[in-house]
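Asks: File follows, coords-v8.pdb with PDB, C-alpha atoms:
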```
MODEL        1
ATOM      1  CA  MET C  30      -9.561  89.301 129.122  1.00  0.00           C
ATOM      2  CA  HIS C  31      -7.337  86.593 127.760  1.00  0.00           C
ATOM      3  CA  GLY C  32      -4.884  89.168 126.381  1.00  0.00           C
ATOM      4  CA  LYS C  33      -4.008  90.568 129.799  1.00  0.00           C
ATOM      5  CA  PRO C  34      -1.957  87.599 131.084  1.00  0.00           C
ATOM      6  CA  GLU C  35       0.095  87.644 127.883  1.00  0.00           C
ATOM      7  CA  THR C  36       0.621  91.380 128.217  1.00  0.00           C
ATOM      8  CA  GLY C  37       1.681  90.840 131.833  1.00  0.00           C
ATOM      9  CA  ALA C  38       4.155  88.166 130.754  1.00  0.00           C
ATOM     10  CA  ILE C  39       5.591  90.491 128.123  1.00  0.00           C
ATOM     11  CA  THR C  40       5.854  93.267 130.697  1.00  0.00           C
ATOM     12  CA  MET C  41       7.640  90.914 133.102  1.00  0.00           C
ATOM     13  CA  SER C  42      10.055  89.889 130.341  1.00  0.00           C
ATOM     14  CA  ARG C  43      10.774  93.518 129.578  1.00  0.00           C
ATOM     15  CA  LEU C  44      11.337  94.231 133.272  1.00  0.00           C
ATOM     16  CA  ALA C  45      13.731  91.284 133.531  1.00  0.00           C
ATOM     17  CA  LEU C  46      15.635  92.517 130.471  1.00  0.00           C
ATOM     18  CA  ALA C  47      15.743  96.043 131.915  1.00  0.00           C
ATOM     19  CA  ALA C  48      17.132  94.667 135.196  1.00  0.00           C
ATOM     20  CA  ILE C  49      19.876  92.770 133.364  1.00  0.00           C
ATOM     21  CA  LEU C  50      20.780  95.807 131.278  1.00  0.00           C
ATOM     22  CA  SER C  51      20.877  98.123 134.291  1.00  0.00           C
ATOM     23  CA  THR C  52      23.106  95.661 136.131  1.00  0.00           C
ATOM     24  CA  LEU C  53      25.483  95.609 133.198  1.00  0.00           C
ATOM     25  CA  ALA C  54      25.423  99.393 132.987  1.00  0.00           C
ATOM     26  CA  ALA C  55      26.685  99.504 136.559  1.00  0.00           C
ATOM     27  CA  CYS C  56      30.052  98.112 135.443  1.00  0.00           C
ATOM     28  CA  SER C  57      32.745 100.773 135.539  1.00  0.00           C
ATOM     29  CA  GLN C  58      33.704  99.854 131.987  1.00  0.00           C
ATOM     30  CA  PRO C  59      31.145  98.324 129.634  1.00  0.00           C
ATOM     31  CA  PRO C  60      31.929  94.898 128.231  1.00  0.00           C
ATOM     32  CA  ALA C  61      33.317  94.898 124.724  1.00  0.00           C
ATOM     33  CA  ALA C  62      30.773  94.566 121.956  1.00  0.00           C
ATOM     34  CA  ILE C  63      29.890  90.924 121.460  1.00  0.00           C
ATOM     35  CA  ASN C  64      27.993  89.493 118.514  1.00  0.00           C
ATOM     36  CA  LEU C  65      25.211  87.453 120.119  1.00  0.00           C
ATOM     37  CA  SER C  66      24.221  85.955 116.769  1.00  0.00           C
ATOM     38  CA  SER C  67      27.582  84.277 116.386  1.00  0.00           C
ATOM     39  CA  ALA C  68      27.355  80.632 117.343  1.00  0.00           C
ATOM     40  CA  ASP C  69      31.089  79.995 117.238  1.00  0.00           C
ATOM     41  CA  LYS C  70      32.857  79.712 120.542  1.00  0.00           C
ATOM     42  CA  PRO C  71      36.412  81.051 120.593  1.00  0.00           C
ATOM     43  CA  SER C  72      39.035  78.371 121.091  1.00  0.00           C
ATOM     44  CA  ALA C  73      40.638  80.133 124.061  1.00  0.00           C
ATOM     45  CA  PRO C  74      39.825  82.942 126.481  1.00  0.00           C
ATOM     46  CA  PRO C  75      40.842  86.483 125.548  1.00  0.00           C
ATOM     47  CA  PRO C  76      44.546  87.452 125.648  1.00  0.00           C
ATOM     48  CA  VAL C  77      44.692  88.399 129.345  1.00  0.00           C
ATOM     49  CA  ALA C  78      44.061  84.737 130.130  1.00  0.00           C
ATOM     50  CA  ARG C  79      46.457  83.319 127.550  1.00  0.00           C
ATOM     51  CA  ALA C  80      49.511  85.472 127.967  1.00  0.00           C
ATOM     52  CA  GLY C  81      51.830  85.337 130.926  1.00  0.00           C
ATOM     53  CA  THR C  82      52.895  88.700 132.241  1.00  0.00           C
ATOM     54  CA  GLN C  83      56.600  88.043 132.575  1.00  0.00           C
ATOM     55  CA  GLY C  84      58.303  89.865 129.744  1.00  0.00           C
ATOM     56  CA  ASP C  85      54.959  90.870 128.254  1.00  0.00           C
ATOM     57  CA  PRO C  86      54.260  94.527 129.044  1.00  0.00           C
ATOM     58  CA  ALA C  87      50.926  94.444 127.199  1.00  0.00           C
ATOM     59  CA  ALA C  88      49.671  91.514 129.313  1.00  0.00           C
ATOM     60  CA  LEU C  89      50.861  93.227 132.478  1.00  0.00           C
ATOM     61  CA  GLU C  90      48.983  96.373 131.463  1.00  0.00           C
ATOM     62  CA  ARG C  91      45.812  94.364 130.757  1.00  0.00           C
ATOM     63  CA  CYS C  92      46.034  92.845 134.234  1.00  0.00           C
ATOM     64  CA  ARG C  93      46.548  96.237 135.875  1.00  0.00           C
ATOM     65  CA  ASN C  94      43.638  97.852 134.051  1.00  0.00           C
ATOM     66  CA  ALA C  95      41.265  94.887 133.985  1.00  0.00           C
ATOM     67  CA  ASN C  96      37.601  95.317 134.707  1.00  0.00           C
ATOM     68  CA  TRP C  97      37.156  91.890 136.276  1.00  0.00           C
ATOM     69  CA  ARG C  98      33.382  91.962 136.086  1.00  0.00           C
ATOM     70  CA  ALA C  99      33.482  92.756 132.360  1.00  0.00           C
ATOM     71  CA  THR C 100      36.122  90.051 131.804  1.00  0.00           C
ATOM     72  CA  GLY C 101      33.940  87.513 133.608  1.00  0.00           C
ATOM     73  CA  TYR C 102      30.922  88.682 131.606  1.00  0.00           C
ATOM     74  CA  ARG C 103      32.719  88.166 128.298  1.00  0.00           C
ATOM     75  CA  HIS C 104      33.934  84.730 129.413  1.00  0.00           C
ATOM     76  CA  GLY C 105      30.419  83.718 130.515  1.00  0.00           C
ATOM     77  CA  LEU C 106      28.828  85.037 127.328  1.00  0.00           C
ATOM     78  CA  SER C 107      31.330  82.974 125.345  1.00  0.00           C
ATOM     79  CA  GLY C 108      30.631  79.866 127.438  1.00  0.00           C
ATOM     80  CA  TYR C 109      34.117  79.520 128.890  1.00  0.00           C
ATOM     81  CA  PRO C 110      34.394  77.105 131.806  1.00  0.00           C
ATOM     82  CA  LEU C 111      35.263  78.418 135.254  1.00  0.00           C
ATOM     83  CA  ALA C 112      38.774  77.081 134.647  1.00  0.00           C
ATOM     84  CA  ALA C 113      39.374  80.213 132.534  1.00  0.00           C
ATOM     85  CA  LEU C 114      39.615  82.100 135.835  1.00  0.00           C
ATOM     86  CA  LYS C 115      42.606  79.950 136.801  1.00  0.00           C
ATOM     87  CA  ASP C 116      44.389  80.983 133.605  1.00  0.00           C
ATOM     88  CA  VAL C 117      43.633  84.649 134.247  1.00  0.00           C
ATOM     89  CA  SER C 118      44.734  84.361 137.873  1.00  0.00           C
ATOM     90  CA  ARG C 119      47.957  82.579 137.011  1.00  0.00           C
ATOM     91  CA  ALA C 120      48.915  85.205 134.430  1.00  0.00           C
ATOM     92  CA  CYS C 121      48.131  88.234 136.593  1.00  0.00           C
ATOM     93  CA  GLU C 122      49.004  87.039 140.081  1.00  0.00           C
ATOM     94  CA  ALA C 123      52.462  85.959 138.902  1.00  0.00           C
ATOM     95  CA  ALA C 124      53.106  89.681 138.447  1.00  0.00           C
ATOM     96  CA  GLY C 125      51.628  90.511 141.852  1.00  0.00           C
ATOM     97  CA  ILE C 126      48.292  91.745 140.503  1.00  0.00           C
ATOM     98  CA  LYS C 127      45.351  90.333 142.399  1.00  0.00           C
ATOM     99  CA  VAL C 128      42.286  89.208 140.475  1.00  0.00           C
ATOM    100  CA  ASP C 129      38.922  90.303 141.887  1.00  0.00           C
ATOM    101  CA  ARG C 130      37.352  86.835 141.869  1.00  0.00           C
ATOM    102  CA  LEU C 131      33.984  88.039 143.153  1.00  0.00           C
ATOM    103  CA  ALA C 132      33.648  90.642 140.387  1.00  0.00           C
ATOM    104  CA  TYR C 133      34.792  88.082 137.793  1.00  0.00           C
ATOM    105  CA  SER C 134      32.306  85.470 139.039  1.00  0.00           C
ATOM    106  CA  THR C 135      29.467  88.000 139.127  1.00  0.00           C
ATOM    107  CA  GLY C 136      30.168  89.040 135.542  1.00  0.00           C
ATOM    108  CA  ARG C 137      30.575  85.440 134.412  1.00  0.00           C
ATOM    109  CA  LEU C 138      27.160  84.506 135.805  1.00  0.00           C
ATOM    110  CA  GLU C 139      25.620  87.504 134.017  1.00  0.00           C
ATOM    111  CA  GLY C 140      27.184  86.354 130.753  1.00  0.00           C
ATOM    112  CA  LEU C 141      26.152  82.748 131.324  1.00  0.00           C
ATOM    113  CA  ALA C 142      22.548  83.884 131.764  1.00  0.00           C
ATOM    114  CA  LEU C 143      22.648  84.880 128.078  1.00  0.00           C
ATOM    115  CA  PHE C 144      24.883  82.064 126.844  1.00  0.00           C
ATOM    116  CA  CYS C 145      22.752  79.392 128.549  1.00  0.00           C
ATOM    117  CA  SER C 146      19.495  80.538 126.966  1.00  0.00           C
ATOM    118  CA  THR C 147      17.214  78.402 124.834  1.00  0.00           C
ATOM    119  CA  GLU C 148      18.026  80.564 121.805  1.00  0.00           C
ATOM    120  CA  SER C 149      21.773  80.209 122.303  1.00  0.00           C
ATOM    121  CA  GLY C 150      21.475  76.425 122.600  1.00  0.00           C
ATOM    122  CA  TYR C 151      19.409  76.377 119.423  1.00  0.00           C
ATOM    123  CA  ARG C 152      21.884  78.528 117.444  1.00  0.00           C
ATOM    124  CA  ARG C 153      24.845  76.469 118.598  1.00  0.00           C
ATOM    125  CA  ALA C 154      23.128  73.209 117.609  1.00  0.00           C
ATOM    126  CA  ARG C 155      22.309  74.624 114.177  1.00  0.00           C
ATOM    127  CA  ALA C 156      25.998  75.480 113.828  1.00  0.00           C
ATOM    128  CA  GLY C 157      26.872  71.853 114.600  1.00  0.00           C
ATOM    129  CA  LEU C 158      28.372  72.588 118.005  1.00  0.00           C
ATOM    130  CA  PRO C 159      27.976  70.131 120.903  1.00  0.00           C
ATOM    131  CA  VAL C 160      26.104  70.798 124.132  1.00  0.00           C
ATOM    132  CA  ASP C 161      28.262  72.809 126.512  1.00  0.00           C
ATOM    133  CA  ASN C 162      28.546  71.755 130.127  1.00  0.00           C
ATOM    134  CA  THR C 163      29.336  75.254 131.391  1.00  0.00           C
ATOM    135  CA  CYS C 164      25.738  76.169 132.217  1.00  0.00           C
ATOM    136  CA  PRO C 165      24.762  76.158 135.885  1.00  0.00           C
ATOM    137  CA  PRO C 166      21.978  73.706 136.820  1.00  0.00           C
ATOM    138  CA  SER C 167      19.389  76.499 136.995  1.00  0.00           C
ATOM    139  CA  LEU C 168      19.984  77.377 133.314  1.00  0.00           C
ATOM    140  CA  LYS C 169      21.072  74.046 131.876  1.00  0.00           C
ATOM    141  CA  GLU C 170      17.563  72.757 131.090  1.00  0.00           C
ATOM    142  CA  ALA C 171      16.602  75.719 128.885  1.00  0.00           C
ATOM    143  CA  TYR C 172      19.919  75.618 127.023  1.00  0.00           C
ATOM    144  CA  GLU C 173      19.695  71.875 126.409  1.00  0.00           C
ATOM    145  CA  ALA C 174      16.052  72.167 125.246  1.00  0.00           C
ATOM    146  CA  GLY C 175      17.078  74.765 122.669  1.00  0.00           C
ATOM    147  CA  HIS C 176      20.020  72.638 121.616  1.00  0.00           C
ATOM    148  CA  ALA C 177      17.814  69.563 121.196  1.00  0.00           C
ATOM    149  CA  ARG C 178      15.351  71.569 119.072  1.00  0.00           C
ATOM    150  CA  GLY C 179      18.221  72.804 116.902  1.00  0.00           C
ATOM    151  CA  VAL C 180      19.586  69.283 116.430  1.00  0.00           C
ATOM    152  CA  LYS C 181      16.136  68.019 115.370  1.00  0.00           C
ATOM    153  CA  GLU C 182      15.928  70.712 112.702  1.00  0.00           C
ATOM    154  CA  LEU C 183      19.313  69.870 111.146  1.00  0.00           C
TER
ENDMDL
END
```
Take the structure in the file and write it out as C-alpha coordinates.
Replies:
Amino acid sequence: MHGKPETGAITMSRLALAAILSTLAACSQPPAAINLSSADKPSAPPPVARAGTQGDPAALERCRNANWRATGYRHGLSGYPLAALKDVSRACEAAGIKVDRLAYSTGRLEGLALFCSTESGYRRARAGLPVDNTCPPSLKEAYEAGHARGVKEL
(Lines of atoms letter the chains of each structure in order from A and count residues from 1; the text may use other names and numbers.)
(Lines give C-alpha, C1' and ligand atoms only; values in the text may rest on other atoms or scores of the structure.)
Protein backbone atom coordinates (compact mmCIF):
# COMPACT_ATOMS: atom_id res chain seq x y z
CA MET A 1 0.00 0.00 0.00
CA HIS A 2 2.77 2.40 0.83
CA GLY A 3 4.33 1.95 -2.62
CA LYS A 4 1.32 3.35 -4.46
CA PRO A 5 1.75 7.03 -3.48
CA GLU A 6 5.39 6.89 -4.59
CA THR A 7 4.37 5.28 -7.86
CA GLY A 8 1.75 8.00 -8.31
CA ALA A 9 4.36 10.68 -7.68
CA ILE A 10 6.68 9.10 -10.23
CA THR A 11 3.82 8.91 -12.72
CA MET A 12 3.01 12.58 -12.13
CA SER A 13 6.67 13.50 -12.65
CA ARG A 14 6.72 11.56 -15.89
CA LEU A 15 3.52 13.27 -17.02
CA ALA A 16 4.99 16.69 -16.20
CA LEU A 17 8.14 15.84 -18.16
CA ALA A 18 6.03 14.58 -21.08
CA ALA A 19 4.04 17.84 -21.06
CA ILE A 20 7.23 19.92 -21.15
CA LEU A 21 8.68 17.83 -23.97
CA SER A 22 5.49 17.99 -26.03
CA THR A 23 5.37 21.76 -25.58
CA LEU A 24 8.93 22.02 -26.83
CA ALA A 25 8.15 19.73 -29.75
CA ALA A 26 5.48 22.19 -30.83
CA CYS A 27 8.16 24.74 -31.75
CA SER A 28 8.50 25.09 -35.51
CA GLN A 29 12.24 24.59 -35.17
CA PRO A 30 13.67 22.63 -32.25
CA PRO A 31 16.07 24.45 -29.96
CA ALA A 32 19.72 23.74 -30.60
CA ALA A 33 21.22 20.91 -28.61
CA ILE A 34 22.21 22.15 -25.17
CA ASN A 35 24.40 20.30 -22.70
CA LEU A 36 22.37 20.33 -19.48
CA SER A 37 25.30 18.94 -17.49
CA SER A 38 27.41 21.99 -18.23
CA ALA A 39 27.38 24.36 -15.29
CA ASP A 40 29.13 27.19 -17.09
CA LYS A 41 27.00 30.10 -18.16
CA PRO A 42 28.05 31.77 -21.41
CA SER A 43 29.34 35.30 -20.95
CA ALA A 44 26.92 36.77 -23.51
CA PRO A 45 23.77 35.76 -25.35
CA PRO A 46 24.12 34.00 -28.70
CA PRO A 47 25.27 36.00 -31.75
CA VAL A 48 21.84 37.29 -32.81
CA ALA A 49 21.81 39.32 -29.60
CA ARG A 50 25.40 40.53 -29.81
CA ALA A 51 25.72 41.57 -33.41
CA GLY A 52 24.08 44.60 -34.91
CA THR A 53 22.51 44.03 -38.29
CA GLN A 54 23.87 47.06 -40.08
CA GLY A 55 26.60 45.85 -42.39
CA ASP A 56 26.32 42.32 -41.02
CA PRO A 57 24.43 40.14 -43.51
CA ALA A 58 24.73 37.07 -41.27
CA ALA A 59 23.10 38.87 -38.33
CA LEU A 60 20.36 40.19 -40.59
CA GLU A 61 19.71 36.66 -41.84
CA ARG A 62 19.56 35.32 -38.26
CA CYS A 63 16.97 37.97 -37.42
CA ARG A 64 14.88 37.16 -40.50
CA ASN A 65 14.92 33.42 -39.86
CA ALA A 66 14.76 33.47 -36.06
CA ASN A 67 12.54 31.08 -34.18
CA TRP A 68 11.83 33.47 -31.31
CA ARG A 69 10.47 30.78 -29.03
CA ALA A 70 13.59 28.65 -29.49
CA THR A 71 15.82 31.71 -28.96
CA GLY A 72 13.98 32.53 -25.73
CA TYR A 73 14.24 28.88 -24.66
CA ARG A 74 18.01 28.84 -25.17
CA HIS A 75 18.37 32.14 -23.29
CA GLY A 76 16.24 30.85 -20.40
CA LEU A 77 18.08 27.53 -20.26
CA SER A 78 21.34 29.47 -20.06
CA GLY A 79 19.99 31.74 -17.32
CA TYR A 80 20.20 34.98 -19.29
CA PRO A 81 18.34 37.91 -17.74
CA LEU A 82 15.33 39.36 -19.51
CA ALA A 83 17.61 42.21 -20.60
CA ALA A 84 18.93 39.85 -23.30
CA LEU A 85 15.65 40.48 -25.13
CA LYS A 86 16.54 44.18 -25.34
CA ASP A 87 19.81 43.30 -27.06
CA VAL A 88 18.03 41.01 -29.51
CA SER A 89 15.35 43.62 -30.18
CA ARG A 90 17.85 46.40 -30.72
CA ALA A 91 19.85 44.35 -33.22
CA CYS A 92 16.88 43.11 -35.24
CA GLU A 93 14.45 46.02 -35.05
CA ALA A 94 17.15 48.42 -36.27
CA ALA A 95 16.88 46.52 -39.56
CA GLY A 96 13.08 46.65 -39.50
CA ILE A 97 12.62 43.06 -38.33
CA LYS A 98 10.12 42.76 -35.52
CA VAL A 99 10.87 40.43 -32.63
CA ASP A 100 8.00 38.19 -31.49
CA ARG A 101 8.24 39.09 -27.80
CA LEU A 102 5.46 36.74 -26.75
CA ALA A 103 7.11 33.73 -28.41
CA TYR A 104 10.50 34.74 -26.96
CA SER A 105 9.05 35.13 -23.45
CA THR A 106 7.20 31.82 -23.68
CA GLY A 107 10.38 30.02 -24.72
CA ARG A 108 12.44 31.81 -22.08
CA LEU A 109 10.07 30.68 -19.32
CA GLU A 110 10.28 27.10 -20.61
CA GLY A 111 14.07 27.28 -20.48
CA LEU A 112 14.05 28.90 -17.05
CA ALA A 113 11.93 26.02 -15.74
CA LEU A 114 14.97 23.80 -16.36
CA PHE A 115 17.66 26.33 -15.46
CA CYS A 116 15.96 27.21 -12.15
CA SER A 117 15.76 23.61 -10.94
CA THR A 118 17.26 22.28 -7.73
CA GLU A 119 19.71 20.18 -9.74
CA SER A 120 20.87 23.15 -11.81
CA GLY A 121 21.43 25.24 -8.68
CA TYR A 122 23.41 22.38 -7.17
CA ARG A 123 25.61 21.90 -10.27
CA ARG A 124 26.30 25.62 -10.55
CA ALA A 125 27.29 25.84 -6.87
CA ARG A 126 29.64 22.88 -7.27
CA ALA A 127 31.21 24.72 -10.20
CA GLY A 128 31.79 27.73 -7.94
CA LEU A 129 29.21 29.93 -9.65
CA PRO A 130 27.11 32.41 -7.65
CA VAL A 131 23.34 32.29 -7.21
CA ASP A 132 21.61 33.72 -10.27
CA ASN A 133 18.80 36.20 -9.83
CA THR A 134 17.14 35.34 -13.14
CA CYS A 135 14.73 32.78 -11.69
CA PRO A 136 11.11 33.84 -11.30
CA PRO A 137 9.78 33.79 -7.71
CA SER A 138 7.89 30.54 -8.31
CA LEU A 139 11.15 28.72 -9.15
CA LYS A 140 13.69 30.67 -7.12
CA GLU A 141 13.29 28.66 -3.89
CA ALA A 142 14.11 25.29 -5.49
CA TYR A 143 17.11 26.72 -7.35
CA GLU A 144 18.49 28.41 -4.24
CA ALA A 145 17.98 25.23 -2.15
CA GLY A 146 20.02 23.24 -4.66
CA HIS A 147 22.66 25.95 -4.75
CA ALA A 148 22.90 26.01 -0.95
CA ARG A 149 23.29 22.20 -0.87
CA GLY A 150 26.04 22.42 -3.48
CA VAL A 151 27.89 25.13 -1.54
CA LYS A 152 27.75 23.02 1.65
CA GLU A 153 29.34 20.09 -0.17
CA LEU A 154 32.29 22.13 -1.51
Asks: Taking the file as shown, what set of residues would the PyMOL selection byres ((chain C and resi 177) around 12) give back, as a PyMOL selection string?
Replies: chain C and resi 147-155+157-160+170-176+178-183
Asks: Starting from the shown file, work through the PyMOL selection byres ((chain C and resi 124-136) around 10) and note down what comes out as a PyMOL selection string.
Replies: chain C and resi 52-53+56+60+81-83+88-89+92-93+95-106+111+114-115+117-123+137-142
Asks: Would you mind reading off the distance between atom CA of C:Pro86 and atom CA of C:Ser107, one decimal, in Å?
Replies: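 About the pair atom CA of C:Pro86 and atom CA of C:Ser107: they are 25.9 Å apart.
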Asks: Would you compute the distance between atom CA of C:Cys145 and atom CA of C:Ala112? Give it in Å to one decimal.
Replies: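 Those two atoms sit 17.3 Å apart.
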Asks: Return as lines of an AutoDock Vina configuration file the centre and edge lengths, in Å with one decimal, of the box along x, y and z that encloses every atom of stretch 102-105 of chain C in the file, padded by 6 Å per side.
Replies:
```
center_x = 32.2
center_y = 86.2
center_z = 130.0
size_x = 15.5
size_y = 17.0
size_z = 15.3
```
